[in-house]
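Printed here is data.cif (mmCIF, N, CA and C atoms, pLDDT in the B column; chains and numbers go by the auth columns):
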data_upload
#
loop_
_atom_site.group_PDB
_atom_site.id
_atom_site.type_symbol
_atom_site.label_atom_id
_atom_site.label_comp_id
_atom_site.label_asym_id
_atom_site.label_seq_id
_atom_site.Cartn_x
_atom_site.Cartn_y
_atom_site.Cartn_z
_atom_site.B_iso_or_equiv
_atom_site.auth_seq_id
_atom_site.auth_asym_id
ATOM 1 N N MET A 1 171.963 216.810 180.421 86.00 12 T
ATOM 2 C CA MET A 1 172.858 215.853 181.038 86.00 12 T
ATOM 3 C C MET A 1 174.160 215.811 180.247 86.00 12 T
ATOM 4 N N ASN A 2 175.262 215.983 180.908 87.00 13 T
ATOM 5 C CA ASN A 2 176.567 215.917 180.262 87.00 13 T
ATOM 6 C C ASN A 2 177.018 214.475 180.146 87.00 13 T
ATOM 7 N N LYS A 3 177.725 214.188 179.053 91.00 14 T
ATOM 8 C CA LYS A 3 178.245 212.857 178.810 91.00 14 T
ATOM 9 C C LYS A 3 179.651 213.007 178.245 91.00 14 T
ATOM 10 N N LYS A 4 180.554 212.114 178.611 91.00 15 T
ATOM 11 C CA LYS A 4 181.926 212.185 178.126 91.00 15 T
ATOM 12 C C LYS A 4 182.011 211.733 176.677 91.00 15 T
ATOM 13 N N LEU A 5 182.969 212.336 175.957 90.00 16 T
ATOM 14 C CA LEU A 5 183.224 212.015 174.555 90.00 16 T
ATOM 15 C C LEU A 5 184.731 211.920 174.373 90.00 16 T
ATOM 16 N N THR A 6 185.190 210.860 173.756 92.00 17 T
ATOM 17 C CA THR A 6 186.616 210.692 173.503 92.00 17 T
ATOM 18 C C THR A 6 186.889 211.006 172.042 92.00 17 T
ATOM 19 N N LEU A 7 187.859 211.893 171.805 91.00 18 T
ATOM 20 C CA LEU A 7 188.224 212.299 170.453 91.00 18 T
ATOM 21 C C LEU A 7 189.706 212.048 170.231 91.00 18 T
ATOM 22 N N SER A 8 190.078 211.757 169.001 94.00 19 T
ATOM 23 C CA SER A 8 191.487 211.637 168.625 94.00 19 T
ATOM 24 C C SER A 8 191.844 212.863 167.795 94.00 19 T
ATOM 25 N N ILE A 9 192.712 213.716 168.367 93.00 20 T
ATOM 26 C CA ILE A 9 193.090 214.965 167.720 93.00 20 T
ATOM 27 C C ILE A 9 194.602 215.129 167.861 93.00 20 T
ATOM 28 N N ASP A 10 195.218 215.699 166.841 93.00 21 T
ATOM 29 C CA ASP A 10 196.653 215.947 166.847 93.00 21 T
ATOM 30 C C ASP A 10 197.059 216.693 168.121 93.00 21 T
ATOM 31 N N LYS A 11 198.168 216.267 168.725 94.00 22 T
ATOM 32 C CA LYS A 11 198.639 216.841 169.989 94.00 22 T
ATOM 33 C C LYS A 11 198.838 218.354 169.905 94.00 22 T
ATOM 34 N N GLU A 12 199.419 218.837 168.805 93.00 23 T
ATOM 35 C CA GLU A 12 199.653 220.278 168.655 93.00 23 T
ATOM 36 C C GLU A 12 198.342 221.059 168.573 93.00 23 T
ATOM 37 N N VAL A 13 197.362 220.475 167.934 92.00 24 T
ATOM 38 C CA VAL A 13 196.046 221.120 167.836 92.00 24 T
ATOM 39 C C VAL A 13 195.422 221.220 169.221 92.00 24 T
ATOM 40 N N ILE A 14 195.544 220.170 169.988 92.00 25 T
ATOM 41 C CA ILE A 14 194.992 220.171 171.351 92.00 25 T
ATOM 42 C C ILE A 14 195.654 221.251 172.198 92.00 25 T
ATOM 43 N N GLU A 15 196.971 221.321 172.159 93.00 26 T
ATOM 44 C CA GLU A 15 197.687 222.315 172.968 93.00 26 T
ATOM 45 C C GLU A 15 197.313 223.733 172.547 93.00 26 T
ATOM 46 N N SER A 16 197.244 223.957 171.262 92.00 27 T
ATOM 47 C CA SER A 16 196.862 225.277 170.760 92.00 27 T
ATOM 48 C C SER A 16 195.434 225.627 171.179 92.00 27 T
ATOM 49 N N ALA A 17 194.543 224.655 171.081 91.00 28 T
ATOM 50 C CA ALA A 17 193.146 224.874 171.459 91.00 28 T
ATOM 51 C C ALA A 17 193.020 225.143 172.961 91.00 28 T
ATOM 52 N N LYS A 18 193.797 224.451 173.769 92.00 29 T
ATOM 53 C CA LYS A 18 193.775 224.692 175.219 92.00 29 T
ATOM 54 C C LYS A 18 194.258 226.103 175.540 92.00 29 T
ATOM 55 N N ASP A 19 195.316 226.537 174.855 91.00 30 T
ATOM 56 C CA ASP A 19 195.817 227.900 175.058 91.00 30 T
ATOM 57 C C ASP A 19 194.752 228.920 174.687 91.00 30 T
ATOM 58 N N TYR A 20 194.091 228.688 173.553 90.00 31 T
ATOM 59 C CA TYR A 20 193.038 229.597 173.109 90.00 31 T
ATOM 60 C C TYR A 20 191.905 229.636 174.143 90.00 31 T
ATOM 61 N N ALA A 21 191.464 228.470 174.591 89.00 32 T
ATOM 62 C CA ALA A 21 190.365 228.398 175.559 89.00 32 T
ATOM 63 C C ALA A 21 190.730 229.151 176.835 89.00 32 T
ATOM 64 N N GLU A 22 191.945 228.955 177.310 90.00 33 T
ATOM 65 C CA GLU A 22 192.390 229.645 178.530 90.00 33 T
ATOM 66 C C GLU A 22 192.394 231.158 178.330 90.00 33 T
ATOM 67 N N SER A 23 192.867 231.602 177.166 90.00 34 T
ATOM 68 C CA SER A 23 192.919 233.044 176.903 90.00 34 T
ATOM 69 C C SER A 23 191.522 233.657 176.818 90.00 34 T
ATOM 70 N N GLU A 24 190.546 232.839 176.478 87.00 35 T
ATOM 71 C CA GLU A 24 189.155 233.302 176.381 87.00 35 T
ATOM 72 C C GLU A 24 188.389 233.108 177.687 87.00 35 T
ATOM 73 N N GLY A 25 189.037 232.477 178.673 90.00 36 T
ATOM 74 C CA GLY A 25 188.370 232.223 179.953 90.00 36 T
ATOM 75 C C GLY A 25 187.258 231.191 179.827 90.00 36 T
ATOM 76 N N ARG A 26 187.446 230.256 178.920 90.00 37 T
ATOM 77 C CA ARG A 26 186.443 229.218 178.680 90.00 37 T
ATOM 78 C C ARG A 26 187.120 227.858 178.723 90.00 37 T
ATOM 79 N N SER A 27 186.316 226.822 178.866 91.00 38 T
ATOM 80 C CA SER A 27 186.883 225.481 178.804 91.00 38 T
ATOM 81 C C SER A 27 186.892 224.996 177.366 91.00 38 T
ATOM 82 N N LEU A 28 187.795 224.098 177.086 92.00 39 T
ATOM 83 C CA LEU A 28 187.853 223.517 175.753 92.00 39 T
ATOM 84 C C LEU A 28 186.563 222.754 175.462 92.00 39 T
ATOM 85 N N SER A 29 186.030 222.100 176.464 92.00 40 T
ATOM 86 C CA SER A 29 184.759 221.382 176.298 92.00 40 T
ATOM 87 C C SER A 29 183.645 222.333 175.884 92.00 40 T
ATOM 88 N N ASN A 30 183.597 223.518 176.498 89.00 41 T
ATOM 89 C CA ASN A 30 182.571 224.499 176.158 89.00 41 T
ATOM 90 C C ASN A 30 182.712 224.959 174.709 89.00 41 T
ATOM 91 N N ILE A 31 183.936 225.210 174.273 89.00 42 T
ATOM 92 C CA ILE A 31 184.157 225.659 172.901 89.00 42 T
ATOM 93 C C ILE A 31 183.729 224.586 171.906 89.00 42 T
ATOM 94 N N VAL A 32 184.113 223.335 172.172 90.00 43 T
ATOM 95 C CA VAL A 32 183.726 222.240 171.279 90.00 43 T
ATOM 96 C C VAL A 32 182.212 222.074 171.271 90.00 43 T
ATOM 97 N N GLU A 33 181.594 222.137 172.442 89.00 44 T
ATOM 98 C CA GLU A 33 180.137 221.996 172.515 89.00 44 T
ATOM 99 C C GLU A 33 179.428 223.102 171.740 89.00 44 T
ATOM 100 N N GLU A 34 179.874 224.353 171.892 86.00 45 T
ATOM 101 C CA GLU A 34 179.253 225.466 171.163 86.00 45 T
ATOM 102 C C GLU A 34 179.423 225.295 169.654 86.00 45 T
ATOM 103 N N TYR A 35 180.592 224.832 169.243 86.00 46 T
ATOM 104 C CA TYR A 35 180.827 224.594 167.820 86.00 46 T
ATOM 105 C C TYR A 35 179.885 223.502 167.297 86.00 46 T
ATOM 106 N N LEU A 36 179.779 222.406 168.029 87.00 47 T
ATOM 107 C CA LEU A 36 178.903 221.314 167.592 87.00 47 T
ATOM 108 C C LEU A 36 177.440 221.752 167.546 87.00 47 T
ATOM 109 N N LYS A 37 177.039 222.578 168.506 85.00 48 T
ATOM 110 C CA LYS A 37 175.672 223.115 168.473 85.00 48 T
ATOM 111 C C LYS A 37 175.455 223.949 167.223 85.00 48 T
ATOM 112 N N SER A 38 176.448 224.775 166.876 81.00 49 T
ATOM 113 C CA SER A 38 176.286 225.667 165.731 81.00 49 T
ATOM 114 C C SER A 38 176.167 224.881 164.432 81.00 49 T
ATOM 115 N N ILE A 39 176.942 223.823 164.260 81.00 50 T
ATOM 116 C CA ILE A 39 176.829 223.061 163.013 81.00 50 T
ATOM 117 C C ILE A 39 175.562 222.214 163.000 81.00 50 T
ATOM 118 N N SER A 40 175.103 221.809 164.174 80.00 51 T
ATOM 119 C CA SER A 40 173.854 221.046 164.248 80.00 51 T
ATOM 120 C C SER A 40 172.662 221.914 163.882 80.00 51 T
ATOM 121 N N LYS A 41 172.672 223.170 164.315 74.00 52 T
ATOM 122 C CA LYS A 41 171.577 224.095 164.002 74.00 52 T
ATOM 123 C C LYS A 41 171.481 224.326 162.507 74.00 52 T
ATOM 124 N N ARG A 42 172.626 224.440 161.830 66.00 53 T
ATOM 125 C CA ARG A 42 172.606 224.664 160.384 66.00 53 T
ATOM 126 C C ARG A 42 171.953 223.495 159.665 66.00 53 T
ATOM 127 N N ARG A 43 172.201 222.318 160.141 66.00 54 T
ATOM 128 C CA ARG A 43 171.626 221.133 159.495 66.00 54 T
ATOM 129 C C ARG A 43 170.112 221.076 159.723 66.00 54 T
ATOM 130 N N ILE A 44 169.674 221.517 160.902 61.00 55 T
ATOM 131 C CA ILE A 44 168.252 221.517 161.238 61.00 55 T
ATOM 132 C C ILE A 44 167.521 222.621 160.482 61.00 55 T
ATOM 133 N N ASN A 45 168.190 223.766 160.261 58.00 56 T
ATOM 134 C CA ASN A 45 167.581 224.916 159.589 58.00 56 T
ATOM 135 C C ASN A 45 168.229 225.152 158.224 58.00 56 T
ATOM 136 N N PRO A 46 168.028 224.245 157.263 59.00 57 T
ATOM 137 C CA PRO A 46 168.712 224.401 155.976 59.00 57 T
ATOM 138 C C PRO A 46 168.216 225.590 155.154 59.00 57 T
ATOM 139 N N GLY A 47 167.079 226.183 155.513 62.00 58 T
ATOM 140 C CA GLY A 47 166.544 227.303 154.758 62.00 58 T
ATOM 141 C C GLY A 47 167.224 228.621 155.056 62.00 58 T
ATOM 142 N N LYS A 48 168.072 228.656 156.059 60.00 59 T
ATOM 143 C CA LYS A 48 168.778 229.891 156.407 60.00 59 T
ATOM 144 C C LYS A 48 169.741 230.283 155.289 60.00 59 T
ATOM 145 N N PRO A 49 170.009 231.595 155.145 59.00 60 T
ATOM 146 C CA PRO A 49 170.960 232.030 154.118 59.00 60 T
ATOM 147 C C PRO A 49 172.339 231.420 154.356 59.00 60 T
ATOM 148 N N LYS A 50 173.016 231.101 153.295 62.00 61 T
ATOM 149 C CA LYS A 50 174.352 230.508 153.388 62.00 61 T
ATOM 150 C C LYS A 50 175.409 231.599 153.420 62.00 61 T
ATOM 151 N N PHE A 51 176.413 231.400 154.250 65.00 62 T
ATOM 152 C CA PHE A 51 177.528 232.320 154.343 65.00 62 T
ATOM 153 C C PHE A 51 178.785 231.589 153.905 65.00 62 T
ATOM 154 N N ASP A 52 179.873 232.300 153.852 70.00 63 T
ATOM 155 C CA ASP A 52 181.156 231.701 153.564 70.00 63 T
ATOM 156 C C ASP A 52 181.359 230.506 154.494 70.00 63 T
ATOM 157 N N LYS A 53 181.929 229.435 153.986 73.00 64 T
ATOM 158 C CA LYS A 53 182.093 228.202 154.765 73.00 64 T
ATOM 159 C C LYS A 53 182.844 228.444 156.076 73.00 64 T
ATOM 160 N N LEU A 54 183.886 229.245 156.042 73.00 65 T
ATOM 161 C CA LEU A 54 184.646 229.518 157.261 73.00 65 T
ATOM 162 C C LEU A 54 183.781 230.226 158.288 73.00 65 T
ATOM 163 N N ILE A 55 182.998 231.206 157.850 74.00 66 T
ATOM 164 C CA ILE A 55 182.115 231.927 158.767 74.00 66 T
ATOM 165 C C ILE A 55 181.097 230.967 159.372 74.00 66 T
ATOM 166 N N GLU A 56 180.543 230.097 158.556 70.00 67 T
ATOM 167 C CA GLU A 56 179.581 229.122 159.065 70.00 67 T
ATOM 168 C C GLU A 56 180.228 228.213 160.105 70.00 67 T
ATOM 169 N N GLU A 57 181.462 227.792 159.862 73.00 68 T
ATOM 170 C CA GLU A 57 182.144 226.906 160.801 73.00 68 T
ATOM 171 C C GLU A 57 182.435 227.593 162.127 73.00 68 T
ATOM 172 N N LEU A 58 182.710 228.876 162.076 75.00 69 T
ATOM 173 C CA LEU A 58 183.060 229.613 163.292 75.00 69 T
ATOM 174 C C LEU A 58 181.849 230.143 164.051 75.00 69 T
ATOM 175 N N ALA A 59 180.709 230.190 163.403 72.00 70 T
ATOM 176 C CA ALA A 59 179.510 230.752 164.032 72.00 70 T
ATOM 177 C C ALA A 59 179.221 230.046 165.354 72.00 70 T
ATOM 178 N N GLY A 60 179.034 230.852 166.391 72.00 71 T
ATOM 179 C CA GLY A 60 178.706 230.316 167.709 72.00 71 T
ATOM 180 C C GLY A 60 179.901 229.899 168.537 72.00 71 T
ATOM 181 N N SER A 61 181.098 229.969 167.998 74.00 72 T
ATOM 182 C CA SER A 61 182.262 229.524 168.755 74.00 72 T
ATOM 183 C C SER A 61 182.882 230.617 169.604 74.00 72 T
ATOM 184 N N VAL A 62 182.432 231.848 169.424 73.00 73 T
ATOM 185 C CA VAL A 62 182.977 232.974 170.184 73.00 73 T
ATOM 186 C C VAL A 62 181.858 233.651 170.963 73.00 73 T
ATOM 187 N N LYS A 63 182.093 233.885 172.235 76.00 74 T
ATOM 188 C CA LYS A 63 181.129 234.611 173.054 76.00 74 T
ATOM 189 C C LYS A 63 181.690 235.994 173.346 76.00 74 T
ATOM 190 N N LEU A 64 180.862 237.013 173.155 76.00 75 T
ATOM 191 C CA LEU A 64 181.292 238.382 173.417 76.00 75 T
ATOM 192 C C LEU A 64 181.299 238.654 174.914 76.00 75 T
ATOM 193 N N PRO A 65 182.201 239.510 175.370 79.00 76 T
ATOM 194 C CA PRO A 65 182.202 239.881 176.791 79.00 76 T
ATOM 195 C C PRO A 65 180.878 240.556 177.144 79.00 76 T
ATOM 196 N N LYS A 66 180.430 240.359 178.351 82.00 77 T
ATOM 197 C CA LYS A 66 179.175 240.973 178.788 82.00 77 T
ATOM 198 C C LYS A 66 179.268 242.488 178.691 82.00 77 T
ATOM 199 N N GLY A 67 178.207 243.084 178.191 83.00 78 T
ATOM 200 C CA GLY A 67 178.145 244.535 178.114 83.00 78 T
ATOM 201 C C GLY A 67 178.844 245.124 176.900 83.00 78 T
ATOM 202 N N LYS A 68 179.358 244.290 175.993 82.00 79 T
ATOM 203 C CA LYS A 68 180.052 244.784 174.799 82.00 79 T
ATOM 204 C C LYS A 68 179.385 244.191 173.561 82.00 79 T
ATOM 205 N N SER A 69 179.122 245.055 172.591 82.00 80 T
ATOM 206 C CA SER A 69 178.578 244.585 171.325 82.00 80 T
ATOM 207 C C SER A 69 179.724 244.287 170.366 82.00 80 T
ATOM 208 N N ALA A 70 179.424 243.578 169.304 80.00 81 T
ATOM 209 C CA ALA A 70 180.443 243.283 168.293 80.00 81 T
ATOM 210 C C ALA A 70 180.984 244.570 167.693 80.00 81 T
ATOM 211 N N GLU A 71 180.102 245.548 167.499 83.00 82 T
ATOM 212 C CA GLU A 71 180.527 246.829 166.934 83.00 82 T
ATOM 213 C C GLU A 71 181.505 247.550 167.858 83.00 82 T
ATOM 214 N N GLU A 72 181.233 247.520 169.162 86.00 83 T
ATOM 215 C CA GLU A 72 182.128 248.170 170.124 86.00 83 T
ATOM 216 C C GLU A 72 183.504 247.500 170.119 86.00 83 T
ATOM 217 N N LEU A 73 183.525 246.171 170.079 84.00 84 T
ATOM 218 C CA LEU A 73 184.790 245.450 170.058 84.00 84 T
ATOM 219 C C LEU A 73 185.574 245.741 168.781 84.00 84 T
ATOM 220 N N LEU A 74 184.872 245.827 167.659 84.00 85 T
ATOM 221 C CA LEU A 74 185.529 246.148 166.390 84.00 85 T
ATOM 222 C C LEU A 74 186.134 247.546 166.424 84.00 85 T
ATOM 223 N N THR A 75 185.378 248.504 166.954 87.00 86 T
ATOM 224 C CA THR A 75 185.876 249.878 167.061 87.00 86 T
ATOM 225 C C THR A 75 187.116 249.930 167.948 87.00 86 T
ATOM 226 N N GLU A 76 187.070 249.241 169.087 86.00 87 T
ATOM 227 C CA GLU A 76 188.223 249.217 169.994 86.00 87 T
ATOM 228 C C GLU A 76 189.447 248.600 169.305 86.00 87 T
ATOM 229 N N ALA A 77 189.242 247.520 168.571 85.00 88 T
ATOM 230 C CA ALA A 77 190.358 246.859 167.891 85.00 88 T
ATOM 231 C C ALA A 77 190.961 247.766 166.826 85.00 88 T
ATOM 232 N N LYS A 78 190.113 248.470 166.093 86.00 89 T
ATOM 233 C CA LYS A 78 190.620 249.388 165.060 86.00 89 T
ATOM 234 C C LYS A 78 191.407 250.529 165.688 86.00 89 T
ATOM 235 N N LEU A 79 190.882 251.089 166.782 87.00 90 T
ATOM 236 C CA LEU A 79 191.598 252.168 167.455 87.00 90 T
ATOM 237 C C LEU A 79 192.962 251.686 167.975 87.00 90 T
ATOM 238 N N GLU A 80 192.972 250.517 168.588 85.00 91 T
ATOM 239 C CA GLU A 80 194.219 249.985 169.113 85.00 91 T
ATOM 240 C C GLU A 80 195.220 249.743 167.987 85.00 91 T
ATOM 241 N N LYS A 81 194.751 249.196 166.869 83.00 92 T
ATOM 242 C CA LYS A 81 195.628 248.912 165.740 83.00 92 T
ATOM 243 C C LYS A 81 196.248 250.193 165.189 83.00 92 T
ATOM 244 N N HIS A 82 195.418 251.214 165.000 83.00 93 T
ATOM 245 C CA HIS A 82 195.900 252.413 164.337 83.00 93 T
ATOM 246 C C HIS A 82 196.585 253.408 165.266 83.00 93 T
ATOM 247 N N LEU A 83 196.303 253.337 166.551 84.00 94 T
ATOM 248 C CA LEU A 83 196.938 254.266 167.486 84.00 94 T
ATOM 249 C C LEU A 83 198.251 253.725 168.050 84.00 94 T
ATOM 250 N N ASN A 84 198.455 252.435 167.964 73.00 95 T
ATOM 251 C CA ASN A 84 199.657 251.813 168.531 73.00 95 T
ATOM 252 C C ASN A 84 200.654 251.410 167.452 73.00 95 T
ATOM 253 N N ARG A 85 200.837 252.235 166.479 61.00 96 T
ATOM 254 C CA ARG A 85 201.788 251.912 165.395 61.00 96 T
ATOM 255 C C ARG A 85 203.187 252.210 165.797 61.00 96 T
#

Just give me the structure of the file as structure tokens.
Amino acid sequence: MNKKLTLSIDKEVIESAKDYAESEGRSLSNIVEEYLKSISKRRINPGKPKFDKLIEELAGSVKLPKGKSAEELLTEAKLEKHLNR
């Protein structure tokens, strides 16, 4: 069941986050929900290995395109970076 949540966030942060969500084809609500789920899971599973704080904060906030692995996306990004100089 979905429930509304009111947050107070800096206007510039909101605008930037909306732009990011649009570029990813996702809603801002979905991104916030996925982030909150990821930090909640860490608290429930404290025995998991610890990673860099930034990596832990970002975990679960990005969804890969269907049919593409992280390795494939990394390879494509490297090729684009080095071939488009």

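Straight-line separation from atom C of Gly71 (chain T) to CA of Leu90 (chain T): 25.2 Å.
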
>> If you run DSSP on the backbone here, which positions in chain T get helix (DSSP H, G or I)? Please write them as a ChimeraX atom specification.
In response: /T:22-35,39-55,64-69,81-94

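Interatomic distance, atom N of Glu35 (chain T) to atom N of Ser72 (chain T): 13.0 Å.
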
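CA of Ala70 (chain T) is found 6.3 Å from CA of Ser49 (chain T).
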
Only N, CA and C atoms, as an mmCIF file, in the first residue's frame: that is what I want for region 76-92 of chain T.
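Contents of the output file part13.cif:
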data_model
loop_
_atom_site.group_PDB
_atom_site.id
_atom_site.type_symbol
_atom_site.label_atom_id
_atom_site.label_comp_id
_atom_site.auth_asym_id
_atom_site.auth_seq_id
_atom_site.Cartn_x
_atom_site.Cartn_y
_atom_site.Cartn_z
ATOM 1 N N PRO T 76 19.411 -1.221 -17.344
ATOM 2 C CA PRO T 76 18.458 -1.459 -18.436
ATOM 3 C C PRO T 76 18.269 -2.961 -18.633
ATOM 4 N N LYS T 77 17.089 -3.353 -19.021
ATOM 5 C CA LYS T 77 16.814 -4.772 -19.249
ATOM 6 C C LYS T 77 17.739 -5.323 -20.324
ATOM 7 N N GLY T 78 18.255 -6.506 -20.067
ATOM 8 C CA GLY T 78 19.095 -7.171 -21.050
ATOM 9 C C GLY T 78 20.546 -6.718 -21.036
ATOM 10 N N LYS T 79 20.933 -5.848 -20.099
ATOM 11 C CA LYS T 79 22.314 -5.361 -20.026
ATOM 12 C C LYS T 79 22.862 -5.643 -18.629
ATOM 13 N N SER T 80 24.069 -6.190 -18.593
ATOM 14 C CA SER T 80 24.731 -6.411 -17.317
ATOM 15 C C SER T 80 25.581 -5.193 -16.975
ATOM 16 N N ALA T 81 25.998 -5.104 -15.735
ATOM 17 C CA ALA T 81 26.866 -4.000 -15.317
ATOM 18 C C ALA T 81 28.165 -4.020 -16.104
ATOM 19 N N GLU T 82 28.678 -5.220 -16.369
ATOM 20 C CA GLU T 82 29.922 -5.344 -17.128
ATOM 21 C C GLU T 82 29.763 -4.818 -18.552
ATOM 22 N N GLU T 83 28.630 -5.126 -19.184
ATOM 23 C CA GLU T 83 28.385 -4.646 -20.547
ATOM 24 C C GLU T 83 28.303 -3.117 -20.574
ATOM 25 N N LEU T 84 27.615 -2.535 -19.598
ATOM 26 C CA LEU T 84 27.496 -1.085 -19.537
ATOM 27 C C LEU T 84 28.853 -0.426 -19.303
ATOM 28 N N LEU T 85 29.669 -1.032 -18.452
ATOM 29 C CA LEU T 85 31.009 -0.501 -18.196
ATOM 30 C C LEU T 85 31.867 -0.547 -19.454
ATOM 31 N N THR T 86 31.806 -1.666 -20.171
ATOM 32 C CA THR T 86 32.569 -1.802 -21.414
ATOM 33 C C THR T 86 32.129 -0.753 -22.430
ATOM 34 N N GLU T 87 30.817 -0.569 -22.574
ATOM 35 C CA GLU T 87 30.301 0.432 -23.515
ATOM 36 C C GLU T 87 30.773 1.839 -23.128
ATOM 37 N N ALA T 88 30.739 2.153 -21.844
ATOM 38 C CA ALA T 88 31.158 3.480 -21.390
ATOM 39 C C ALA T 88 32.641 3.703 -21.656
ATOM 40 N N LYS T 89 33.449 2.681 -21.422
ATOM 41 C CA LYS T 89 34.893 2.811 -21.679
ATOM 42 C C LYS T 89 35.165 3.005 -23.164
ATOM 43 N N LEU T 90 34.474 2.230 -24.006
ATOM 44 C CA LEU T 90 34.661 2.384 -25.445
ATOM 45 C C LEU T 90 34.252 3.791 -25.909
ATOM 46 N N GLU T 91 33.118 4.258 -25.422
ATOM 47 C CA GLU T 91 32.655 5.581 -25.808
ATOM 48 C C GLU T 91 33.641 6.654 -25.356
ATOM 49 N N LYS T 92 34.157 6.525 -24.136
ATOM 50 C CA LYS T 92 35.098 7.503 -23.605
ATOM 51 C C LYS T 92 36.371 7.554 -24.447
#
